[in-house]
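Peer 1: The structure file query.cif (mmCIF, C-alpha atoms and all ligand atoms) is provided below.
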```
data_my_file
loop_
_atom_site.label_atom_id
_atom_site.label_comp_id
_atom_site.auth_asym_id
_atom_site.auth_seq_id
_atom_site.Cartn_x
_atom_site.Cartn_y
_atom_site.Cartn_z
CA MET A 1 -25.42 70.35 35.76
CA ASN A 2 -22.06 68.73 35.86
CA ASP A 3 -18.86 69.24 37.75
CA THR A 4 -17.46 71.68 35.26
CA MET A 5 -20.21 74.14 36.20
CA ARG A 6 -18.13 75.10 39.19
CA SER A 7 -14.96 75.82 37.29
CA ILE A 8 -14.26 79.41 36.48
CA SER A 9 -14.62 80.31 32.84
CA ALA A 10 -13.39 83.49 31.23
CA ASP A 11 -16.78 85.18 30.96
CA VAL A 12 -18.01 84.79 34.53
CA PRO A 13 -16.73 86.29 37.74
CA SER A 14 -14.80 84.29 40.30
CA THR A 15 -16.94 82.15 42.60
CA LEU A 16 -15.42 83.95 45.60
CA GLY A 17 -15.90 80.72 47.47
CA ALA A 18 -19.62 80.46 46.76
CA ALA A 19 -20.97 76.94 46.96
CA GLY A 20 -24.17 77.59 45.06
CA LEU A 21 -24.61 78.75 41.50
CA LEU A 22 -27.72 80.75 40.72
CA THR A 23 -28.17 81.53 37.05
CA ILE A 24 -30.64 84.13 35.89
CA ASP A 25 -31.44 84.08 32.19
CA LEU A 26 -32.24 87.67 31.26
CA GLY A 27 -32.96 86.62 27.68
CA ALA A 28 -35.73 84.32 28.91
CA LEU A 29 -37.02 87.12 31.11
CA ARG A 30 -37.17 89.45 28.12
CA ASP A 31 -38.93 86.82 26.03
CA ASN A 32 -41.44 86.34 28.83
CA TYR A 33 -42.12 90.08 28.94
CA LEU A 34 -42.54 90.29 25.16
CA ALA A 35 -44.92 87.30 25.15
CA LEU A 36 -47.00 88.80 27.98
CA ALA A 37 -47.06 92.19 26.25
CA ARG A 38 -48.32 90.52 23.06
CA ARG A 39 -50.92 88.64 25.04
CA ALA A 40 -52.07 91.86 26.73
CA GLU A 41 -52.71 93.71 23.46
CA PRO A 42 -54.39 96.07 22.88
CA ALA A 43 -53.71 96.71 26.59
CA ARG A 44 -50.13 97.47 27.59
CA ALA A 45 -48.00 95.41 29.93
CA ALA A 46 -46.29 96.97 32.92
CA ALA A 47 -43.80 95.01 35.00
CA VAL A 48 -43.98 94.33 38.72
CA VAL A 49 -40.43 94.55 40.06
CA LYS A 50 -41.12 94.65 43.79
CA ALA A 51 -38.97 92.76 46.28
CA ASP A 52 -35.87 93.24 44.13
CA ALA A 53 -37.63 91.88 41.06
CA TYR A 54 -38.87 88.83 42.98
CA GLY A 55 -35.39 88.24 44.33
CA LEU A 56 -33.66 88.19 40.96
CA GLY A 57 -32.03 91.62 41.11
CA ALA A 58 -34.03 94.66 40.02
CA GLU A 59 -30.89 96.47 38.90
CA LYS A 60 -30.28 93.76 36.29
CA VAL A 61 -33.91 93.13 35.43
CA VAL A 62 -35.16 96.70 34.94
CA PRO A 63 -32.77 97.67 32.10
CA VAL A 64 -33.75 94.52 30.18
CA LEU A 65 -37.45 95.33 30.55
CA LEU A 66 -36.85 98.94 29.51
CA GLU A 67 -35.09 97.78 26.36
CA ALA A 68 -37.98 95.42 25.66
CA GLY A 69 -40.33 98.40 25.66
CA CYS A 70 -41.78 98.33 29.16
CA ARG A 71 -42.75 101.83 30.30
CA ASP A 72 -44.59 101.20 33.57
CA PHE A 73 -43.08 99.67 36.67
CA PHE A 74 -44.59 98.74 40.01
CA VAL A 75 -42.82 98.26 43.32
CA ALA A 76 -44.45 97.69 46.70
CA HIS A 77 -42.51 99.94 49.07
CA PHE A 78 -41.51 103.55 48.64
CA SER A 79 -37.93 102.65 49.60
CA GLU A 80 -37.79 100.33 46.58
CA ALA A 81 -38.99 103.10 44.30
CA LEU A 82 -36.28 105.47 45.57
CA LYS A 83 -33.66 102.87 44.76
CA LEU A 84 -34.98 102.17 41.26
CA ARG A 85 -35.94 105.69 40.21
CA PRO A 86 -32.48 106.52 38.80
CA LEU A 87 -32.52 103.34 36.68
CA ILE A 88 -35.88 104.01 35.12
CA ALA A 89 -36.10 106.34 32.14
CA ALA A 90 -37.61 109.76 32.76
CA ASP A 91 -40.53 109.05 30.42
CA CYS A 92 -41.48 105.92 32.39
CA ARG A 93 -43.86 105.66 35.30
CA LEU A 94 -42.87 104.10 38.60
CA PHE A 95 -45.79 103.22 40.91
CA VAL A 96 -45.68 102.31 44.60
CA LEU A 97 -48.34 99.70 45.34
CA ASN A 98 -48.44 100.23 49.09
CA GLY A 99 -48.71 103.97 48.55
CA LEU A 100 -47.64 106.73 50.89
CA LEU A 101 -46.74 106.73 54.54
CA PRO A 102 -46.77 110.04 56.42
CA GLY A 103 -43.48 111.83 55.83
CA ASP A 104 -42.86 110.35 52.36
CA GLU A 105 -45.05 112.84 50.43
CA GLN A 106 -42.39 115.45 49.81
CA THR A 107 -39.72 113.06 48.53
CA CYS A 108 -42.33 111.23 46.50
CA ALA A 109 -43.38 114.43 44.75
CA ASP A 110 -39.74 115.57 44.31
CA THR A 111 -38.75 112.32 42.63
CA GLY A 112 -41.78 111.96 40.38
CA ILE A 113 -42.65 108.61 41.90
CA ILE A 114 -46.37 107.82 41.62
CA PRO A 115 -48.14 106.58 44.73
CA VAL A 116 -51.03 104.16 44.56
CA LEU A 117 -53.59 105.77 46.83
CA ASN A 118 -55.29 102.95 48.69
CA GLY A 119 -57.40 104.78 51.22
CA LEU A 120 -58.78 108.13 52.27
CA GLU A 121 -55.82 108.85 54.56
CA GLN A 122 -53.36 108.43 51.70
CA ILE A 123 -55.55 110.59 49.45
CA ALA A 124 -55.54 113.31 52.12
CA LEU A 125 -51.73 113.21 52.38
CA TRP A 126 -51.30 113.58 48.62
CA LYS A 127 -53.89 116.33 48.29
CA ALA A 128 -52.17 118.28 51.06
CA GLU A 129 -48.83 117.92 49.28
CA ALA A 130 -50.35 119.19 46.02
CA ARG A 131 -51.83 122.15 47.89
CA ARG A 132 -48.49 122.98 49.52
CA ARG A 133 -46.87 122.99 46.10
CA ASP A 134 -49.80 124.65 44.41
CA THR A 135 -49.60 122.03 41.70
CA VAL A 136 -51.21 118.85 40.41
CA LEU A 137 -49.60 115.55 41.41
CA PRO A 138 -50.00 112.18 39.64
CA ALA A 139 -51.44 109.15 41.41
CA ALA A 140 -53.04 105.78 40.90
CA LEU A 141 -56.25 105.01 42.75
CA GLN A 142 -56.88 101.50 43.99
CA PHE A 143 -60.24 99.87 44.79
CA ASP A 144 -60.83 96.84 46.93
CA THR A 145 -62.98 94.73 44.64
CA GLY A 146 -63.06 91.70 46.90
CA MET A 147 -59.71 90.94 48.49
CA SER A 148 -59.97 93.05 51.66
CA ARG A 149 -56.35 94.07 51.29
CA LEU A 150 -55.55 97.45 49.76
CA GLY A 151 -57.89 99.95 48.15
CA LEU A 152 -61.02 102.01 48.70
CA SER A 153 -64.29 100.23 49.30
CA LEU A 154 -66.92 100.71 46.60
CA ASP A 155 -68.84 103.02 48.92
CA GLU A 156 -65.75 105.16 49.50
CA ALA A 157 -65.11 105.23 45.75
CA LYS A 158 -68.68 106.38 45.06
CA ALA A 159 -68.47 109.13 47.67
CA LEU A 160 -65.11 110.25 46.32
CA ALA A 161 -66.37 110.38 42.74
CA ALA A 162 -69.40 112.40 43.82
CA ASP A 163 -67.31 114.98 45.70
CA PRO A 164 -65.99 117.66 43.30
CA SER A 165 -63.07 118.40 45.64
CA GLY A 166 -62.42 114.74 46.45
CA LEU A 167 -59.31 114.49 44.31
CA GLU A 168 -58.40 118.16 44.11
CA GLY A 169 -54.79 118.59 43.03
CA ILE A 170 -54.49 114.95 41.95
CA HIS A 171 -54.25 113.69 38.40
CA LEU A 172 -55.34 110.07 38.17
CA GLU A 173 -53.00 108.13 35.90
CA ILE A 174 -54.83 104.84 36.39
CA VAL A 175 -57.51 103.24 38.50
CA MET A 176 -56.67 99.74 39.61
CA SER A 177 -57.54 96.70 41.68
CA HIS A 178 -55.96 93.33 42.38
CA LEU A 179 -57.34 89.83 41.86
CA ALA A 180 -57.24 87.48 44.83
CA CYS A 181 -57.82 84.24 42.89
CA ALA A 182 -56.48 84.80 39.37
CA ASP A 183 -54.42 81.61 39.71
CA GLU A 184 -57.72 79.67 39.89
CA PRO A 185 -59.49 80.40 36.59
CA GLU A 186 -62.73 78.69 37.64
CA ASN A 187 -63.05 80.55 40.92
CA PRO A 188 -66.24 82.67 40.91
CA ALA A 189 -64.40 85.31 42.96
CA ASN A 190 -62.80 86.39 39.67
CA THR A 191 -66.05 87.34 37.96
CA ALA A 192 -67.28 89.01 41.14
CA GLN A 193 -64.13 91.14 41.29
CA LEU A 194 -64.41 91.96 37.60
CA ALA A 195 -67.98 93.17 38.07
CA ASN A 196 -66.88 95.37 40.97
CA MET A 197 -63.94 96.70 38.96
CA GLN A 198 -66.34 97.66 36.18
CA ILE A 199 -68.57 99.52 38.64
CA ALA A 200 -65.63 101.34 40.25
CA GLY A 201 -64.00 102.07 36.90
CA ALA A 202 -67.21 103.64 35.59
CA LEU A 203 -67.01 106.20 38.41
CA PHE A 204 -63.82 107.53 36.81
CA PRO A 205 -64.60 107.07 33.12
CA GLN A 206 -61.69 109.17 31.86
CA THR A 207 -59.07 107.08 33.64
CA PRO A 208 -57.41 103.93 32.20
CA VAL A 209 -58.04 100.70 34.13
CA CYS A 210 -55.16 98.54 35.39
CA PHE A 211 -56.32 95.17 36.69
CA SER A 212 -54.62 91.90 35.74
CA ASN A 213 -51.60 90.31 37.36
CA SER A 214 -49.95 87.32 35.64
CA GLY A 215 -52.87 85.02 36.38
CA GLY A 216 -55.38 87.62 35.23
CA LEU A 217 -53.68 87.79 31.84
CA PHE A 218 -54.71 84.15 31.36
CA LEU A 219 -58.35 84.80 32.20
CA THR A 220 -60.63 86.29 29.51
CA PRO A 221 -59.68 89.56 27.79
CA ASP A 222 -62.26 91.49 29.92
CA TYR A 223 -59.77 91.40 32.77
CA ARG A 224 -57.05 93.26 30.91
CA GLY A 225 -58.23 96.86 31.03
CA ALA A 226 -55.70 99.28 29.55
CA LEU A 227 -52.65 98.16 31.52
CA CYS A 228 -51.71 94.76 32.97
CA ARG A 229 -49.32 94.16 35.87
CA PRO A 230 -47.58 90.80 35.49
CA GLY A 231 -44.93 89.81 38.01
CA ILE A 232 -44.32 86.09 38.53
CA ALA A 233 -44.76 85.13 34.86
CA LEU A 234 -41.88 87.45 33.94
CA TYR A 235 -39.62 85.49 36.26
CA GLY A 236 -40.50 82.04 34.95
CA GLY A 237 -43.32 81.20 37.37
CA VAL A 238 -46.52 79.53 36.21
CA PRO A 239 -49.38 82.08 36.28
CA GLN A 240 -52.26 79.70 37.07
CA ASN A 241 -52.36 76.51 39.12
CA GLY A 242 -51.82 73.34 37.17
CA MET A 243 -51.19 75.14 33.89
CA GLU A 244 -48.27 74.18 31.69
CA ASN A 245 -45.77 77.02 31.90
CA PRO A 246 -46.54 79.37 28.99
CA GLY A 247 -43.24 81.15 29.56
CA LYS A 248 -39.59 80.25 29.79
CA PRO A 249 -37.75 79.30 32.98
CA VAL A 250 -35.45 82.09 34.15
CA VAL A 251 -33.71 80.63 37.19
CA THR A 252 -31.51 77.61 37.79
CA LEU A 253 -29.89 76.75 41.10
CA SER A 254 -27.22 74.16 41.74
CA VAL A 255 -25.26 73.57 44.91
CA ALA A 256 -21.93 71.89 45.63
CA VAL A 257 -21.38 68.66 47.52
CA VAL A 258 -19.05 69.22 50.47
CA GLN A 259 -18.90 65.70 51.90
CA THR A 260 -20.09 62.18 51.16
CA ARG A 261 -20.32 59.19 53.47
CA THR A 262 -21.88 55.76 53.79
CA VAL A 263 -23.74 54.93 57.01
CA PRO A 264 -24.98 51.55 58.32
CA ALA A 265 -28.62 50.82 59.12
CA GLY A 266 -29.66 52.40 62.41
CA THR A 267 -27.65 55.62 61.96
CA ALA A 268 -29.32 58.91 62.94
CA ILE A 269 -29.20 61.58 60.26
CA GLY A 270 -29.17 65.33 60.89
CA TYR A 271 -30.51 67.55 63.70
CA GLY A 272 -32.83 65.80 66.09
CA GLY A 273 -32.08 62.45 64.46
CA SER A 274 -35.38 62.89 62.62
CA LEU A 275 -34.39 60.22 60.14
CA VAL A 276 -32.73 56.92 61.04
CA ALA A 277 -31.24 54.89 58.20
CA ASP A 278 -33.31 51.72 57.72
CA LYS A 279 -30.60 50.22 55.54
CA PRO A 280 -27.03 51.11 54.65
CA MET A 281 -27.24 54.52 52.99
CA ARG A 282 -24.95 56.69 50.95
CA LEU A 283 -25.26 60.34 51.94
CA ALA A 284 -24.02 63.58 50.44
CA VAL A 285 -23.98 66.93 52.21
CA ILE A 286 -24.60 69.99 50.04
CA SER A 287 -23.58 73.49 50.97
CA ALA A 288 -26.88 75.38 51.21
CA GLY A 289 -29.57 75.48 53.84
CA TYR A 290 -32.43 77.53 55.12
CA ALA A 291 -30.20 80.59 55.42
CA ASP A 292 -29.93 80.35 51.63
CA GLY A 293 -33.67 80.26 51.17
CA ILE A 294 -34.16 76.49 51.00
CA PRO A 295 -37.20 76.19 53.29
CA ARG A 296 -36.62 74.17 56.46
CA CYS A 297 -39.98 72.51 55.91
CA LEU A 298 -38.33 70.56 53.07
CA SER A 299 -36.80 68.42 55.84
CA ASN A 300 -37.36 64.75 54.90
CA ARG A 301 -39.57 65.87 51.99
CA GLY A 302 -37.95 67.54 49.02
CA ALA A 303 -35.15 66.42 46.76
CA ALA A 304 -32.23 67.48 44.63
CA TYR A 305 -31.27 65.90 41.30
CA TYR A 306 -28.03 64.70 39.80
CA ASN A 307 -27.81 63.43 36.23
CA GLY A 308 -31.57 63.06 36.31
CA VAL A 309 -31.58 60.94 39.49
CA ARG A 310 -33.79 62.06 42.37
CA LEU A 311 -31.88 62.47 45.64
CA PRO A 312 -34.28 62.84 48.59
CA ILE A 313 -33.50 65.26 51.39
CA ALA A 314 -32.54 63.15 54.41
CA GLY A 315 -33.23 64.56 57.85
CA ARG A 316 -33.66 68.21 58.66
CA VAL A 317 -32.55 71.09 56.49
CA SER A 318 -29.80 72.88 58.45
CA MET A 319 -28.96 76.56 58.26
CA ASP A 320 -26.02 76.08 55.90
CA SER A 321 -26.27 72.53 54.64
CA ILE A 322 -28.61 69.75 53.59
CA ILE A 323 -28.02 66.00 53.71
CA LEU A 324 -29.16 64.06 50.65
CA ASP A 325 -29.85 60.35 50.32
CA VAL A 326 -27.73 59.51 47.29
CA THR A 327 -28.06 55.73 47.58
CA ALA A 328 -29.68 55.67 44.13
CA LEU A 329 -26.45 56.85 42.54
CA PRO A 330 -23.51 54.56 41.85
CA GLU A 331 -20.83 54.69 44.51
CA GLY A 332 -18.36 57.48 43.80
CA ALA A 333 -20.71 59.29 41.41
CA LEU A 334 -20.66 62.33 43.67
CA LYS A 335 -17.49 63.81 45.06
CA LEU A 336 -16.33 67.00 46.69
CA GLY A 337 -17.47 69.88 44.49
CA SER A 338 -20.03 67.95 42.45
CA MET A 339 -23.00 70.20 41.69
CA VAL A 340 -26.53 68.96 42.30
CA GLU A 341 -29.64 70.63 40.90
CA LEU A 342 -32.23 72.25 43.15
CA ILE A 343 -33.99 74.29 40.47
CA GLY A 344 -33.53 73.46 36.80
CA PRO A 345 -34.65 71.12 34.04
CA ARG A 346 -35.41 68.24 36.44
CA GLN A 347 -36.97 70.24 39.25
CA THR A 348 -39.05 73.27 38.40
CA LEU A 349 -39.58 76.21 40.68
CA GLU A 350 -43.19 75.03 41.10
CA GLN A 351 -42.05 71.55 42.15
CA ILE A 352 -39.72 72.70 44.90
CA ALA A 353 -42.36 75.19 46.05
CA ALA A 354 -45.05 72.49 46.14
CA ASP A 355 -42.78 70.15 48.14
CA ALA A 356 -42.26 72.98 50.61
CA GLY A 357 -46.00 73.69 50.82
CA THR A 358 -45.50 77.17 49.40
CA ILE A 359 -45.58 79.05 46.10
CA SER A 360 -42.95 79.95 43.54
CA TYR A 361 -43.08 83.58 44.69
CA GLU A 362 -41.81 82.72 48.14
CA ILE A 363 -39.00 80.51 46.82
CA LEU A 364 -37.78 83.27 44.47
CA THR A 365 -37.99 86.11 46.97
CA SER A 366 -36.12 84.01 49.54
CA LEU A 367 -33.19 83.08 47.29
CA GLY A 368 -30.09 83.56 49.37
CA LYS A 369 -27.30 86.08 49.14
CA ARG A 370 -24.51 83.50 49.37
CA TYR A 371 -24.95 82.07 45.90
CA ARG A 372 -22.76 83.11 43.05
CA ARG A 373 -25.18 84.85 40.70
CA VAL A 374 -24.54 84.54 37.01
CA TYR A 375 -26.70 86.66 34.71
CA ARG A 376 -27.03 85.44 31.14
CA ASN A 377 -27.43 88.49 28.95
CA PRO A 378 -30.05 88.64 26.22
CA GLN A 379 -29.08 88.64 22.57
CA PRO A 380 -29.50 92.08 20.99
CA LEU A 381 -33.08 92.68 19.83
CA LYS A 382 -33.54 92.48 16.08
CA ALA A 383 -34.15 95.90 14.55
C1 LIG B 1 -47.49 91.46 43.33
C2 LIG B 1 -48.58 92.14 42.64
C3 LIG B 1 -48.77 91.97 41.25
C4 LIG B 1 -48.03 90.94 40.44
O1 LIG B 1 -48.66 89.69 40.64
P1 LIG B 1 -48.17 88.34 39.94
O2 LIG B 1 -49.13 87.33 40.45
O3 LIG B 1 -46.78 88.12 40.41
O4 LIG B 1 -48.23 88.56 38.48
C5 LIG B 1 -49.70 92.77 40.63
N1 LIG B 1 -50.45 93.66 41.33
C6 LIG B 1 -50.33 93.81 42.66
C7 LIG B 1 -51.19 94.78 43.36
C8 LIG B 1 -49.40 93.04 43.36
O5 LIG B 1 -49.29 93.18 44.68
#
```
Could you spell out this file's structure in structure tokens?
Peer 2:
Amino acid sequence: MNDTMRSISADVPSTLGAAGLLTIDLGALRDNYLALARRAEPARAAAVVKADAYGLGAEKVVPVLLEAGCRDFFVAHFSEALKLRPLIAADCRLFVLNGLLPGDEQTCADTGIIPVLNGLEQIALWKAEARRRDTVLPAALQFDTGMSRLGLSLDEAKALAADPSGLEGIHLEIVMSHLACADEPENPANTAQLANMQIAGALFPQTPVCFSNSGGLFLTPDYRGALCRPGIALYGGVPQNGMENPGKPVVTLSVAVVQTRTVPAGTAIGYGGSLVADKPMRLAVISAGYADGIPRCLSNRGAAYYNGVRLPIAGRVSMDSIILDVTALPEGALKLGSMVELIGPRQTLEQIAADAGTISYEILTSLGKRYRRVYRNPQPLKA
């Protein structure tokens, strides 16, 4: 990142006064999808685009995935599905992971959105809707194989499979479950969940199995079933702890300096005076804070980078600004408008997440609305 990053070039929109520049490389995203789809073979790869495509903008992300050949999309909330349905080709499937809430059945059936049925109450809602319409409605059926989050217990699944009217009026598109520990390849919970998935899947032998998230795609091929559901790895996150990123980074974030100063030893820095300069310090204030998704718990912990130099966060992260210790840079190196890197070649998404005691997912889905977002379009696919 250098100062010219802030200047307006012909091919990008005006900054409209934005102090942060968030770039989203849709070409890298497409390459990540294609690599995951190859890895999944002979299974197919869906795409999880919940939470606005992990904060990156589902309206930009979905068309790129469609062009790359993705035909199955997952969101979490029904409201997200309603928003994306018009963007997704008619021959594609759009699943809602959290399934139906009472009152959503009619719109869900009208729009062709496919609910993931997670429990007996949701099954009852969908069966009743099919009965009202005197038709058959599509659904996914989820099992809880060991996470205690969403899905039928194995006992419920067995009872359902044994009841000839259990799924009357419902056509099962897929049966699915979700791995709790796929980011830890050695965790025995993975094999336990796989064994349970195999038991539950065998109850519905005609129905394709959908099992692996990003991490699961990097376990053994047994976890892949017929359809995989990667999310984070599409967006440049690392699928398993400690692994070298098999994909390409998608996001960079740089933020402008709005003021610099030098303070003598003994000066209190930021809210609460949580840091007191122990020597003369050069400081720079950048124009982003926790309201922009930079976690407040990075106070006195994380860092930004400039020309490869680490600039520790000094004092508390404020709502709209962060003070950096820039003593390591030559005097005058930073000036009003200089851009420092928060996510990029020097500081990965995983690094900033680790400093904040969180995961890449939370950093991405918290990315603020005040940044100028620049989408880099993919090159046309070769015929
Ligand atoms: C979010 C989610 C995914 C995607 O997981 P990643 O770890 O981001 O690949 C897949 N399946 C379910 C049920 C999810 O909730």
Peer 1: Kindly provide, as a PyMOL selection string, all nucleotide and amino acid residues lying within 10 Å of ligand LIG 1 (chain B), counting all atoms listed in the file.
Peer 2: chain A and resi 46-51+53-54+74-76+96-98+116+142+149-151+176-183+210-217+228-235+237-240+360-361
Peer 1: Please measure the separation of CA of Leu65 (chain A) and CA of Arg30 (chain A), giving the value in Å to one decimal.
Peer 2: 6.4 Å
Peer 1: Excluding region 160-173 of chain A and any residue of its chain fewer than 2 positions from it, enumerate the residues within 10 Å of it, using only C-alpha atoms, and give them as a PyMOL selection string.
Peer 2: chain A and resi 93+114+116-117+120+123-124+126-131+133-141+152+154-158+175-176+200+202-204+206-210
Peer 1: Would you kindly return, as a list in words, each protein, DNA or RNA residue with an atom no farther than 6 Å from any atom of Met319 (chain A), considering all atoms listed in the file and excluding same-chain residues fewer than 4 positions away?
Peer 2: Gly289, Tyr290 and Ala291 of chain A
Peer 1: In Å to one decimal, how far is CA of Thr260 (chain A) from CA of Ile286 (chain A)?
Peer 2: 9.1 Å
Peer 1: Write out as a list in words the residues lying within 12 Å of Gly112 (chain A), counting all atoms listed in the file and excluding same-chain residues fewer than 3 positions away.
Peer 2: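 The neighbour list is Phe78, Ala81, Leu82, Leu84, Arg85, Pro86, Ile88, Ala89, Ala90, Asp91, Cys92, Arg93, Leu94, Phe95, Val96, Glu105, Gln106, Thr107, Cys108, Ala109, Pro115, Val136, Leu137, Pro138 and Ala139 of chain A.
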Peer 1: What does the file look like for those residues with C-alpha atoms, as a PDB file, in the frame of the given file?
Peer 2:
```
ATOM      1  CA  PHE A  78     -41.510 103.550  48.640  1.00  0.00           C
ATOM      2  CA  ALA A  81     -38.990 103.100  44.300  1.00  0.00           C
ATOM      3  CA  LEU A  82     -36.280 105.470  45.570  1.00  0.00           C
ATOM      4  CA  LEU A  84     -34.980 102.170  41.260  1.00  0.00           C
ATOM      5  CA  ARG A  85     -35.940 105.690  40.210  1.00  0.00           C
ATOM      6  CA  PRO A  86     -32.480 106.520  38.800  1.00  0.00           C
ATOM      7  CA  ILE A  88     -35.880 104.010  35.120  1.00  0.00           C
ATOM      8  CA  ALA A  89     -36.100 106.340  32.140  1.00  0.00           C
ATOM      9  CA  ALA A  90     -37.610 109.760  32.760  1.00  0.00           C
ATOM     10  CA  ASP A  91     -40.530 109.050  30.420  1.00  0.00           C
ATOM     11  CA  CYS A  92     -41.480 105.920  32.390  1.00  0.00           C
ATOM     12  CA  ARG A  93     -43.860 105.660  35.300  1.00  0.00           C
ATOM     13  CA  LEU A  94     -42.870 104.100  38.600  1.00  0.00           C
ATOM     14  CA  PHE A  95     -45.790 103.220  40.910  1.00  0.00           C
ATOM     15  CA  VAL A  96     -45.680 102.310  44.600  1.00  0.00           C
ATOM     16  CA  GLU A 105     -45.050 112.840  50.430  1.00  0.00           C
ATOM     17  CA  GLN A 106     -42.390 115.450  49.810  1.00  0.00           C
ATOM     18  CA  THR A 107     -39.720 113.060  48.530  1.00  0.00           C
ATOM     19  CA  CYS A 108     -42.330 111.230  46.500  1.00  0.00           C
ATOM     20  CA  ALA A 109     -43.380 114.430  44.750  1.00  0.00           C
ATOM     21  CA  PRO A 115     -48.140 106.580  44.730  1.00  0.00           C
ATOM     22  CA  VAL A 136     -51.210 118.850  40.410  1.00  0.00           C
ATOM     23  CA  LEU A 137     -49.600 115.550  41.410  1.00  0.00           C
ATOM     24  CA  PRO A 138     -50.000 112.180  39.640  1.00  0.00           C
ATOM     25  CA  ALA A 139     -51.440 109.150  41.410  1.00  0.00           C
TER      26      ALA A 139
END
```
Peer 1: Using CA of Leu194 (chain A) and CA of Phe143 (chain A) as the two end points, give the distance in Å to one decimal.
Peer 2: 11.5 Å
Peer 1: Kindly complete region 159-171 of chain A to N, CA, C and O atoms; the output should be written as a PDB file, in the coordinates of the input.
Peer 2:
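Okay, this is what ended up in result17.pdb:
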```pdb
ATOM      1  N   ALA A 159     -68.458 107.832  46.989  1.00  0.00           N
ATOM      2  CA  ALA A 159     -68.470 109.130  47.670  1.00  0.00           C
ATOM      3  C   ALA A 159     -67.378 110.047  47.115  1.00  0.00           C
ATOM      4  O   ALA A 159     -67.596 111.240  46.893  1.00  0.00           O
ATOM      5  N   LEU A 160     -66.238 109.474  46.855  1.00  0.00           N
ATOM      6  CA  LEU A 160     -65.110 110.250  46.320  1.00  0.00           C
ATOM      7  C   LEU A 160     -65.463 110.812  44.935  1.00  0.00           C
ATOM      8  O   LEU A 160     -65.212 111.987  44.632  1.00  0.00           O
ATOM      9  N   ALA A 161     -66.048 109.950  44.104  1.00  0.00           N
ATOM     10  CA  ALA A 161     -66.370 110.380  42.740  1.00  0.00           C
ATOM     11  C   ALA A 161     -67.440 111.468  42.739  1.00  0.00           C
ATOM     12  O   ALA A 161     -67.469 112.326  41.853  1.00  0.00           O
ATOM     13  N   ALA A 162     -68.305 111.429  43.765  1.00  0.00           N
ATOM     14  CA  ALA A 162     -69.400 112.400  43.820  1.00  0.00           C
ATOM     15  C   ALA A 162     -68.958 113.744  44.402  1.00  0.00           C
ATOM     16  O   ALA A 162     -69.673 114.735  44.286  1.00  0.00           O
ATOM     17  N   ASP A 163     -67.797 113.769  45.027  1.00  0.00           N
ATOM     18  CA  ASP A 163     -67.310 114.980  45.700  1.00  0.00           C
ATOM     19  C   ASP A 163     -66.384 115.739  44.745  1.00  0.00           C
ATOM     20  O   ASP A 163     -65.298 115.262  44.428  1.00  0.00           O
ATOM     21  N   PRO A 164     -66.802 116.925  44.290  1.00  0.00           N
ATOM     22  CA  PRO A 164     -65.990 117.660  43.300  1.00  0.00           C
ATOM     23  C   PRO A 164     -64.579 117.989  43.815  1.00  0.00           C
ATOM     24  O   PRO A 164     -63.656 118.117  43.024  1.00  0.00           O
ATOM     25  N   SER A 165     -64.418 118.083  45.139  1.00  0.00           N
ATOM     26  CA  SER A 165     -63.070 118.400  45.640  1.00  0.00           C
ATOM     27  C   SER A 165     -62.354 117.148  46.152  1.00  0.00           C
ATOM     28  O   SER A 165     -61.278 117.235  46.741  1.00  0.00           O
ATOM     29  N   GLY A 166     -62.954 115.990  45.890  1.00  0.00           N
ATOM     30  CA  GLY A 166     -62.420 114.740  46.450  1.00  0.00           C
ATOM     31  C   GLY A 166     -60.990 114.461  46.051  1.00  0.00           C
ATOM     32  O   GLY A 166     -60.213 113.923  46.835  1.00  0.00           O
ATOM     33  N   LEU A 167     -60.663 114.775  44.795  1.00  0.00           N
ATOM     34  CA  LEU A 167     -59.310 114.490  44.310  1.00  0.00           C
ATOM     35  C   LEU A 167     -58.641 115.776  43.823  1.00  0.00           C
ATOM     36  O   LEU A 167     -57.833 115.759  42.893  1.00  0.00           O
ATOM     37  N   GLU A 168     -58.964 116.865  44.497  1.00  0.00           N
ATOM     38  CA  GLU A 168     -58.400 118.160  44.110  1.00  0.00           C
ATOM     39  C   GLU A 168     -56.878 118.111  44.155  1.00  0.00           C
ATOM     40  O   GLU A 168     -56.283 117.682  45.147  1.00  0.00           O
ATOM     41  N   GLY A 169     -56.258 118.559  43.075  1.00  0.00           N
ATOM     42  CA  GLY A 169     -54.790 118.590  43.030  1.00  0.00           C
ATOM     43  C   GLY A 169     -54.171 117.254  42.637  1.00  0.00           C
ATOM     44  O   GLY A 169     -52.960 117.106  42.646  1.00  0.00           O
ATOM     45  N   ILE A 170     -55.019 116.280  42.305  1.00  0.00           N
ATOM     46  CA  ILE A 170     -54.490 114.950  41.950  1.00  0.00           C
ATOM     47  C   ILE A 170     -54.903 114.615  40.525  1.00  0.00           C
ATOM     48  O   ILE A 170     -56.075 114.760  40.150  1.00  0.00           O
ATOM     49  N   HIS A 171     -53.933 114.205  39.730  1.00  0.00           N
ATOM     50  CA  HIS A 171     -54.250 113.690  38.400  1.00  0.00           C
ATOM     51  C   HIS A 171     -54.185 112.177  38.437  1.00  0.00           C
ATOM     52  O   HIS A 171     -53.130 111.588  38.732  1.00  0.00           O
TER      53      HIS A 171
END
```
